[in-house]
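What follows is a set of notes on a single structure, which appears directly below.
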Amino acid sequence: MKGLKKHIVLFLLMVGICNNALSQSRNNMSLSHDHLILLIDLKSTRLQVDSILKAAGITNVSADMIFKGEHDNLKKDGWKVKKLQNDLLQFDLSLSALKKNPQPAPFVIFNPQKLKDNRPGYPGDVPFGFNNFARVTVHELASGQTRFFVPGNDRAKRIILSGSFNDWSTGRQQMLKTDSGWISDISLQPGVYAYKFIIDGRWTIDMNNRLFQEDGVGNTNSLYFRYNYTFKLPGYPNAKSVNVAGNFNGYNANQIHLFKTFNGWERNLYLKDGIYNYRFMVDGKWVTEGASGNDPRGTSVSLGETVDFKLDGFTKANKVCIAGTFNNWKPDNIFMQKTATGWAFPYTLAAGNYQYKFIVDGKWMTDPANQRKADMDGETNSFICVKPNHTFTLKGYPKARTIRISGTFNDWAEDGYTLAKNGDNWTISLRLKPGKCLYKFIVDGQWVLDNTNKLWEQNEHNTGNSVVWVEN
């Protein structure tokens with residue numbers, strides 16, 4: 001209990017009371033009305049459960065004990081155990097013995113997992129999010145830029161804004177001193193960003209921002225969401241509460257609250273590119289505005305880039321479909337529309353790398369108009385990249401039959417991605433995660449370095465790997 005008290009005091013001093021919009025996992029911890037509430041999903045991995053137990057300051061219980069139903073140690077420490085639906089356990093501990101002031105609102109900490117697939121300091125992909133400020137210190141301007149504000153600090157000589165948006169620069173984004181504090185305006189695309197302020201050489205989080213994230217190497221960063229979508233529900237002037245839920249948040253009806261407006265209810269937030277279904281809950285009852293009938297999936301929204309899939313010919317075919325990694329290769333899910341010269345279908349995709357095939361009257365085939373290929377489970381598929389952030393180029397090799405690329409982005413798979421030939425160059429564009437990327441080209445089975453890139457490092461085979469740094 002002593003360690004638990006110390007842990008709770010530390011979190012309260014750091015961030016106060018918050019409702020973290022990054023609580024995507026069902027594992028979470030909350031402080032509400034002098035009780036510590038711990039939720040554990042039995043479908044989680046051992047690492048996830050051990051992590052949240054550690055975050056709660058519980059050292060005498062392991063994930064294996066939780067999975068086996070061995071809760072005696074927790075009960076001895078005063079925890080009450082309750083099993084909820086869908087394999088969810090609730091552990092409740094009264095904090096009255098610690099003489100803490102009752103909390104007027106929940107204090108939620110998202111599951112503090114290590115960022116396994118991300119460079120430290122760069123937030124991973126999240127399906128949605130919204131900001132939570134004690135005092136708004138980051139907001140959007142009419143010009144389209146985002147303004148960061150540090151109130152006060154009159155005696156400071158220099159304040160730098162640093163974050164994932166400028167590769168954590170320590171000198172590039174110097175803030176401007178005003179009569180009320182310090183400001184800096186930057187251009188941001190919709191998404192989630194980590195940031196800090198450097199005040200006269202001292203790094204600090206945004207004390208007015210209740211959203212934060214551990215970066216996996218012992219540091220804590222403030223988080224900001226640049227919004228790109230507004231949920232709207234017209235009418236219902238007499239409603240007391242309106243929420244929205246969808247497949248982007250597991251249909252959690254208690255997480256996203258709408259605000260009352262002159263015409264109805266609205267809520268701005270960041271929503272990752274993709275295709276989503278959602279519903280509104282008005283005073284505890286589901287409503288499905290804009291959906292046909294009583295479709296339980298609710299209304300659909302598509303965000304991202306529209307890709308025009310086309311297949312020339314096959315005008316006598318009865319049915320042509322598209323299947324790929326974007327729909328789990330479901331064969332009768334996306335039906336193409338017949339045109340005068342063949343078949344076509346516009347489909348919205350989020351930024352990323354995708355494999356696909358056409359299905360013509362039950363027969364699977366690659367896209368004959370697309371040179372770029374990729375392999376999966378021994379099958380060769382057509383490849384397309386939406387919103388690429390890097391283009392690889394290899395010069396020469398005019399007699400090569402096939403040139404592929406492989407690297408840390410695909411676990412060095414030997415089949416790799418197939419490049420397309422453009423004159424004297426072989427090229428392919430990919431969507432890569434921020435940070436350091438190692439790679440090589442495979443020319444007719446022979447691994448070679450990138451002859452257009454001077455950056456490389458030695459590997460365990462003493463043959464070297466080409467290196468590229470990808471910005472956020």
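Just remember, in the structure tokens the first chain shown is A, the second B, etc., residues are 1-based per chain, and ligands are 1-based in the order shown.
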Expected answer as a ChimeraX atom specification: strand (DSSP E) residues in stretch 182-305 of chain A: /A:182-186,191-199,202-204,212-214,220-226,229-234,242-246,256-257,259-260,264-271,274-282,285-287,299-303,305
Write the residues of the selection above to a file with C-alpha atoms, as a short mmCIF file (atom, residue, chain, number, x, y, z; two decimals), in the first residue's frame.
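Writing the result to again27.cif gives the following:
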```cif
data_model
loop_
_atom_site.label_atom_id
_atom_site.label_comp_id
_atom_site.auth_asym_id
_atom_site.auth_seq_id
_atom_site.Cartn_x
_atom_site.Cartn_y
_atom_site.Cartn_z
CA TRP A 182 5.16 33.12 -25.64
CA ILE A 183 3.66 31.98 -28.97
CA SER A 184 4.70 29.95 -32.00
CA ASP A 185 2.61 29.26 -35.14
CA ILE A 186 3.25 26.15 -37.24
CA GLY A 191 -3.18 13.81 -36.63
CA VAL A 192 -1.71 13.31 -33.16
CA TYR A 193 1.50 15.08 -32.14
CA ALA A 194 3.84 14.89 -29.16
CA TYR A 195 5.52 18.07 -27.95
CA LYS A 196 7.39 19.87 -25.16
CA PHE A 197 8.70 23.33 -24.38
CA ILE A 198 12.39 24.10 -23.74
CA ILE A 199 12.43 27.04 -21.33
CA ARG A 202 14.95 23.14 -19.38
CA TRP A 203 12.56 20.64 -20.98
CA THR A 204 8.99 20.72 -19.69
CA PHE A 212 0.30 13.00 -22.07
CA GLN A 213 2.12 9.87 -23.17
CA GLU A 214 5.17 7.94 -22.03
CA THR A 220 6.70 11.97 -20.78
CA ASN A 221 5.41 14.19 -23.60
CA SER A 222 2.32 16.33 -24.02
CA LEU A 223 -0.07 15.34 -26.83
CA TYR A 224 -2.13 17.44 -29.20
CA PHE A 225 -4.76 16.36 -31.73
CA ARG A 226 -5.24 18.36 -34.92
CA TYR A 229 -13.91 15.70 -38.51
CA THR A 230 -17.11 16.94 -36.88
CA PHE A 231 -19.89 14.65 -35.72
CA LYS A 232 -23.26 16.40 -36.05
CA LEU A 233 -26.72 15.46 -34.85
CA PRO A 234 -29.43 18.00 -35.73
CA VAL A 242 -25.80 13.08 -26.55
CA ASN A 243 -22.87 10.76 -27.23
CA VAL A 244 -21.43 9.19 -30.37
CA ALA A 245 -19.86 5.74 -30.68
CA GLY A 246 -18.62 3.63 -33.56
CA ILE A 256 -17.31 10.89 -26.75
CA HIS A 257 -19.82 13.52 -25.63
CA PHE A 259 -21.92 19.70 -27.23
CA LYS A 260 -25.21 21.49 -27.69
CA GLY A 264 -28.46 20.46 -32.51
CA TRP A 265 -25.36 18.72 -31.18
CA GLU A 266 -21.74 18.63 -32.41
CA ARG A 267 -18.25 17.36 -31.50
CA ASN A 268 -14.94 18.06 -33.23
CA LEU A 269 -12.19 15.47 -33.03
CA TYR A 270 -9.40 13.76 -34.93
CA LEU A 271 -10.49 10.66 -36.83
CA GLY A 274 -10.68 4.92 -42.88
CA ILE A 275 -14.27 3.74 -43.27
CA TYR A 276 -16.33 3.81 -40.09
CA ASN A 277 -19.84 3.15 -38.86
CA TYR A 278 -21.25 5.12 -35.96
CA ARG A 279 -24.41 5.80 -33.97
CA PHE A 280 -25.64 8.46 -31.58
CA MET A 281 -26.95 7.81 -28.10
CA VAL A 282 -29.50 10.36 -26.87
CA LYS A 285 -31.15 5.46 -26.21
CA TRP A 286 -29.53 4.69 -29.57
CA VAL A 287 -30.57 6.69 -32.60
CA THR A 299 -24.25 5.71 -40.33
CA SER A 300 -21.12 5.32 -42.45
CA VAL A 301 -18.32 7.86 -42.92
CA SER A 302 -15.27 7.58 -45.19
CA LEU A 303 -12.08 9.56 -44.66
CA GLU A 305 -7.92 9.25 -50.37
#
```
Spatial neighbours of A:Asn209, max dist 9 Å, only C-alpha atoms, sep filter under 6 positions, as number ranges by chain: A: 15, 131-138, 222-224
Grab the residues selected above and save them as a PDB file, in the first residue's frame with N, CA and C atoms.
```pdb
ATOM      1  N   VAL A  15      -0.321  15.492 -13.408  1.00  0.00           N
ATOM      2  CA  VAL A  15      -1.338  15.889 -14.374  1.00  0.00           C
ATOM      3  C   VAL A  15      -2.669  16.285 -13.776  1.00  0.00           C
ATOM      4  N   ASN A 131      -8.786  16.719 -27.572  1.00  0.00           N
ATOM      5  CA  ASN A 131      -7.908  17.394 -26.628  1.00  0.00           C
ATOM      6  C   ASN A 131      -8.594  17.622 -25.291  1.00  0.00           C
ATOM      7  N   ASN A 132      -7.772  17.848 -24.274  1.00  0.00           N
ATOM      8  CA  ASN A 132      -8.281  18.060 -22.927  1.00  0.00           C
ATOM      9  C   ASN A 132      -7.346  19.028 -22.204  1.00  0.00           C
ATOM     10  N   PHE A 133      -7.692  20.303 -22.206  1.00  0.00           N
ATOM     11  CA  PHE A 133      -6.853  21.330 -21.601  1.00  0.00           C
ATOM     12  C   PHE A 133      -7.501  21.880 -20.329  1.00  0.00           C
ATOM     13  N   ALA A 134      -6.682  22.127 -19.307  1.00  0.00           N
ATOM     14  CA  ALA A 134      -7.147  22.880 -18.154  1.00  0.00           C
ATOM     15  C   ALA A 134      -7.294  24.347 -18.566  1.00  0.00           C
ATOM     16  N   ARG A 135      -6.395  24.801 -19.396  1.00  0.00           N
ATOM     17  CA  ARG A 135      -6.446  26.112 -20.046  1.00  0.00           C
ATOM     18  C   ARG A 135      -5.922  25.912 -21.452  1.00  0.00           C
ATOM     19  N   VAL A 136      -6.670  26.350 -22.447  1.00  0.00           N
ATOM     20  CA  VAL A 136      -6.294  26.079 -23.835  1.00  0.00           C
ATOM     21  C   VAL A 136      -4.995  26.801 -24.172  1.00  0.00           C
ATOM     22  N   THR A 137      -3.976  26.032 -24.492  1.00  0.00           N
ATOM     23  CA  THR A 137      -2.675  26.587 -24.856  1.00  0.00           C
ATOM     24  C   THR A 137      -2.270  26.234 -26.281  1.00  0.00           C
ATOM     25  N   VAL A 138      -3.077  25.427 -26.947  1.00  0.00           N
ATOM     26  CA  VAL A 138      -2.846  25.107 -28.362  1.00  0.00           C
ATOM     27  C   VAL A 138      -4.192  25.207 -29.069  1.00  0.00           C
ATOM     28  N   SER A 222       3.694  15.860 -23.846  1.00  0.00           N
ATOM     29  CA  SER A 222       2.323  16.328 -24.022  1.00  0.00           C
ATOM     30  C   SER A 222       1.839  15.920 -25.408  1.00  0.00           C
ATOM     31  N   LEU A 223       0.520  15.766 -25.562  1.00  0.00           N
ATOM     32  CA  LEU A 223      -0.073  15.339 -26.825  1.00  0.00           C
ATOM     33  C   LEU A 223      -1.106  16.348 -27.297  1.00  0.00           C
ATOM     34  N   TYR A 224      -1.134  16.539 -28.612  1.00  0.00           N
ATOM     35  CA  TYR A 224      -2.134  17.438 -29.204  1.00  0.00           C
ATOM     36  C   TYR A 224      -2.729  16.784 -30.443  1.00  0.00           C
TER      37      TYR A 224
END
```
Give me the residues within 6 Å of A:Tyr354 as a list in words, counting only C-alpha atoms and dropping any in the same chain fewer than 2 places off.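 Answer for this query is Thr325, Phe383 and Ile384 of chain A.
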Could you please take those selected residues and save N, CA and C atoms as a PDB file, in the first residue's frame?
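New file again03.pdb:
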```pdb
ATOM      1  N   THR A 325      -5.757  -6.415 -48.909  1.00  0.00           N
ATOM      2  CA  THR A 325      -5.451  -6.277 -47.492  1.00  0.00           C
ATOM      3  C   THR A 325      -6.356  -5.253 -46.824  1.00  0.00           C
ATOM      4  N   PHE A 383       0.200  -4.115 -56.096  1.00  0.00           N
ATOM      5  CA  PHE A 383       0.537  -3.280 -54.956  1.00  0.00           C
ATOM      6  C   PHE A 383       0.184  -1.824 -55.238  1.00  0.00           C
ATOM      7  N   ILE A 384      -0.353  -1.163 -54.218  1.00  0.00           N
ATOM      8  CA  ILE A 384      -0.655   0.261 -54.336  1.00  0.00           C
ATOM      9  C   ILE A 384      -0.345   0.936 -53.012  1.00  0.00           C
TER      10      ILE A 384
END
```
Using only C-alpha atoms, which of the listed residues (A:Asn228, A:Asn327, A:Ser94, A:Asn353) sits closest to A:Asn410?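 For A:Asn410, the nearest of the candidates is A:Asn353.
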Option closest in space to A:Arg372, from A:Leu42, A:Leu455, A:Ala351, A:Ile428 [counting only C-alpha atoms]: A:Ile428
Take atom CA of A:Gly304 and atom CA of A:Thr348 and report the distance between them in Å, one decimal. 5.8 Å
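Atom CA of A:Asp308 sits 7.0 Å away from atom CA of A:Ala344.
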If you count only C-alpha atoms, which residues fall within 7 Å of A:Asn73, apart from same-chain ones fewer than 3 positions away, as a ChimeraX atom specification? /A:60-61,76-77
Nearest-residue call for A:Gly362, choices A:Phe335, A:Cys321, A:Ala350, A:Thr315, using only C-alpha atoms: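 Of A:Phe335, A:Cys321, A:Ala350, A:Thr315, the one nearest A:Gly362 is A:Cys321, counting only C-alpha atoms.
For the pair atom CA of A:Tyr439 and atom CA of A:Asp167, the separation is 21.4 Å.
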Name all residues at most 9 Å from A:Asp154 (count only C-alpha atoms; drop same-chain ones fewer than 5 positions away) and give them as a PyMOL selection string. chain A and resi 177+179-182
A:Lys80 surroundings by only C-alpha atoms, 12 Å radius, close-in-sequence under 2 positions cut, as a PyMOL selection string: chain A and resi 35-39+71-78+82-83+89-94
Could you take the residues named above and write them with N, CA and C atoms, as a JSON list (two decimals), in the first residue's frame?
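Final output, saved to again-v7.json:
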```
[["chain", "number", "residue", "atom", "x", "y", "z"],
["A", 35, "HIS", "N", -12.03, 6.61, -5.00],
["A", 35, "HIS", "CA", -11.84, 5.19, -5.30],
["A", 35, "HIS", "C", -10.88, 5.05, -6.49],
["A", 36, "LEU", "N", -9.98, 4.09, -6.39],
["A", 36, "LEU", "CA", -9.12, 3.73, -7.52],
["A", 36, "LEU", "C", -9.76, 2.56, -8.24],
["A", 37, "ILE", "N", -10.11, 2.74, -9.51],
["A", 37, "ILE", "CA", -10.78, 1.72, -10.30],
["A", 37, "ILE", "C", -9.80, 1.19, -11.35],
["A", 38, "LEU", "N", -9.60, -0.11, -11.35],
["A", 38, "LEU", "CA", -8.70, -0.75, -12.30],
["A", 38, "LEU", "C", -9.50, -1.73, -13.15],
["A", 39, "LEU", "N", -9.49, -1.53, -14.47],
["A", 39, "LEU", "CA", -10.17, -2.43, -15.40],
["A", 39, "LEU", "C", -9.13, -3.24, -16.15],
["A", 71, "HIS", "N", -7.01, -13.97, -6.85],
["A", 71, "HIS", "CA", -7.15, -12.57, -6.45],
["A", 71, "HIS", "C", -6.97, -12.35, -4.95],
["A", 72, "ASP", "N", -6.53, -13.37, -4.20],
["A", 72, "ASP", "CA", -6.46, -13.26, -2.75],
["A", 72, "ASP", "C", -5.55, -12.13, -2.29],
["A", 73, "ASN", "N", -4.39, -11.97, -2.95],
["A", 73, "ASN", "CA", -3.47, -10.90, -2.54],
["A", 73, "ASN", "C", -4.10, -9.53, -2.72],
["A", 74, "LEU", "N", -4.86, -9.36, -3.78],
["A", 74, "LEU", "CA", -5.54, -8.08, -4.00],
["A", 74, "LEU", "C", -6.61, -7.84, -2.95],
["A", 75, "LYS", "N", -7.36, -8.87, -2.64],
["A", 75, "LYS", "CA", -8.43, -8.72, -1.64],
["A", 75, "LYS", "C", -7.86, -8.40, -0.27],
["A", 76, "LYS", "N", -6.71, -8.98, 0.06],
["A", 76, "LYS", "CA", -6.06, -8.69, 1.34],
["A", 76, "LYS", "C", -5.66, -7.22, 1.43],
["A", 77, "ASP", "N", -5.35, -6.61, 0.29],
["A", 77, "ASP", "CA", -4.96, -5.20, 0.28],
["A", 77, "ASP", "C", -6.16, -4.27, 0.19],
["A", 78, "GLY", "N", -7.38, -4.86, 0.21],
["A", 78, "GLY", "CA", -8.57, -4.02, 0.22],
["A", 78, "GLY", "C", -9.28, -3.87, -1.10],
["A", 82, "LYS", "N", -14.82, -7.54, -9.20],
["A", 82, "LYS", "CA", -16.12, -7.73, -9.83],
["A", 82, "LYS", "C", -15.90, -8.08, -11.29],
["A", 83, "LYS", "N", -16.58, -9.15, -11.75],
["A", 83, "LYS", "CA", -16.46, -9.55, -13.15],
["A", 83, "LYS", "C", -17.57, -8.89, -13.95],
["A", 89, "LEU", "N", -12.60, -7.51, -16.05],
["A", 89, "LEU", "CA", -12.57, -7.53, -14.59],
["A", 89, "LEU", "C", -12.43, -6.12, -14.05],
["A", 90, "GLN", "N", -13.15, -5.83, -12.96],
["A", 90, "GLN", "CA", -13.04, -4.54, -12.31],
["A", 90, "GLN", "C", -12.50, -4.74, -10.90],
["A", 91, "PHE", "N", -11.43, -4.00, -10.56],
["A", 91, "PHE", "CA", -10.86, -4.01, -9.23],
["A", 91, "PHE", "C", -11.05, -2.61, -8.63],
["A", 92, "ASP", "N", -11.67, -2.55, -7.46],
["A", 92, "ASP", "CA", -12.07, -1.30, -6.83],
["A", 92, "ASP", "C", -11.40, -1.19, -5.47],
["A", 93, "LEU", "N", -10.67, -0.08, -5.24],
["A", 93, "LEU", "CA", -10.00, 0.14, -3.97],
["A", 93, "LEU", "C", -10.37, 1.51, -3.42],
["A", 94, "SER", "N", -10.93, 1.55, -2.19],
["A", 94, "SER", "CA", -11.25, 2.82, -1.55],
["A", 94, "SER", "C", -9.97, 3.50, -1.09]]
```
Of the candidates A:Asp215, A:Gly313, A:Val386, A:Lys338, which shows the shortest atom-to-atom distance to A:Ala369, using only C-alpha atoms?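 Using only C-alpha atoms, A:Ala369 sits closest to A:Gly313.
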